[in-house]
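This report refers to the structure that appears directly beneath it.
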Amino acid sequence: MGSRRDYYKEPGAPVPNSLKPGASALVVDDSGRVLMQRRGDSGNWSLPGGIMEVGETLSECAVRETREETGLEIEVTGLLGIYTDPDHVIEYSDGEVRQEFAVVYYGRVLGGTIQVSDESTSVRFVTMAELESVPVHPTVRLRLRHHAERRTEPYLG
């Protein structure tokens, strides 16, 4: 995809010209650690995920992207929330300027082996405490906070 720049609540952000449905997976291991990848383009730690492709459901997208980005096979077990913050704009080097549209599912590992993809520099399960001191985009921190709150209803934002 090339390089990207995230804008969040920035007055000088470019005007979005794209809106694409994306899915992410929040996968927790038996110790309560969250599966995260360190993005090669921004250096931020993030949940595995990406853009839905024609012919798949959004939950299938979350499963596929997690497999591609982490090497792990998961199943979707629930819904953390829907995140559509118009203050989060992502500008790509090809001229696309996308407004955030992400559905975050809960997932459980079925198999596979953790591996780094060409989109990341590291993939591992990280404790919530560790995540406090590493670079994480504010929109991802919100998702992690919603997970930590053990919400009984999905976030609808």
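Chain labels A, B, ... are given in the sequence in which chains occur in the structure tokens; within each chain residues are numbered consecutively from 1, and ligands are likewise numbered from 1 in the order shown.
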
Test item: residues at most 12 Å from Arg145 (chain A), only C-alpha atoms, excluding those fewer than 2 positions along its chain, as a PDB file with C-alpha atoms, in the first residue's frame:
ATOM      1  CA  LEU A  26      -8.819  -8.138  19.507  1.00  0.00           C
ATOM      2  CA  VAL A  34      -3.558  -8.803  23.692  1.00  0.00           C
ATOM      3  CA  LEU A  80     -15.991  -5.050  20.813  1.00  0.00           C
ATOM      4  CA  GLY A  81     -17.436  -2.194  18.802  1.00  0.00           C
ATOM      5  CA  MET A 128      -2.114  -4.089  29.082  1.00  0.00           C
ATOM      6  CA  ALA A 129       0.568  -2.629  31.380  1.00  0.00           C
ATOM      7  CA  LEU A 131       0.888  -1.076  26.220  1.00  0.00           C
ATOM      8  CA  GLU A 132       0.906   1.999  28.448  1.00  0.00           C
ATOM      9  CA  VAL A 136      -0.197   3.262  20.230  1.00  0.00           C
ATOM     10  CA  PRO A 138      -5.224   7.209  20.328  1.00  0.00           C
ATOM     11  CA  THR A 139      -8.002   5.425  18.388  1.00  0.00           C
ATOM     12  CA  VAL A 140      -6.448   2.039  19.211  1.00  0.00           C
ATOM     13  CA  ARG A 141      -5.983   3.089  22.854  1.00  0.00           C
ATOM     14  CA  LEU A 142      -9.739   3.754  22.960  1.00  0.00           C
ATOM     15  CA  ARG A 143     -10.410   0.192  21.773  1.00  0.00           C
ATOM     16  CA  HIS A 147     -11.718  -3.993  26.269  1.00  0.00           C
ATOM     17  CA  ALA A 148     -10.225  -3.309  29.713  1.00  0.00           C
ATOM     18  CA  GLU A 149     -13.583  -1.931  30.901  1.00  0.00           C
ATOM     19  CA  ARG A 150     -15.154  -5.350  30.159  1.00  0.00           C
ATOM     20  CA  ARG A 151     -18.113  -3.649  28.509  1.00  0.00           C
ATOM     21  CA  TYR A 155     -19.275   0.392  21.486  1.00  0.00           C
TER      22      TYR A 155
END

Pull the alpha helix (DSSP H) assignments for region 64-128 of chain A out of DSSP run on the backbone, and list those residues as a PDB file with C-alpha atoms, in the first residue's frame.
ATOM      1  CA  ARG A  64      -8.085 -13.265   7.021  1.00  0.00           C
ATOM      2  CA  GLU A  65      -6.220 -10.123   8.066  1.00  0.00           C
ATOM      3  CA  THR A  66      -5.203 -11.693  11.384  1.00  0.00           C
ATOM      4  CA  ARG A  67      -3.880 -14.769   9.529  1.00  0.00           C
ATOM      5  CA  GLU A  68      -2.001 -12.619   6.985  1.00  0.00           C
ATOM      6  CA  GLU A  69      -0.527 -10.221   9.545  1.00  0.00           C
ATOM      7  CA  THR A  70       0.223 -12.550  12.472  1.00  0.00           C
ATOM      8  CA  MET A 128      -2.114  -4.089  29.082  1.00  0.00           C
TER       9      MET A 128
END

Would you mind reading off the distance between CA of Gly12 (chain A) and CA of Arg38 (chain A), one decimal, in Å?
-> 26.3 Å

Write out as an MDAnalysis selection string the residues lying within 6 Å of Pro16 (chain A), counting only C-alpha atoms and excluding same-chain residues fewer than 6 positions away.
-> chainID A and resid 97:99

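When only C-alpha atoms are used to compute distances to Gly157 (chain A), the closest of the residues A:Thr84, A:Ser133, A:Thr127, A:Thr121 turns out to be A:Thr84.
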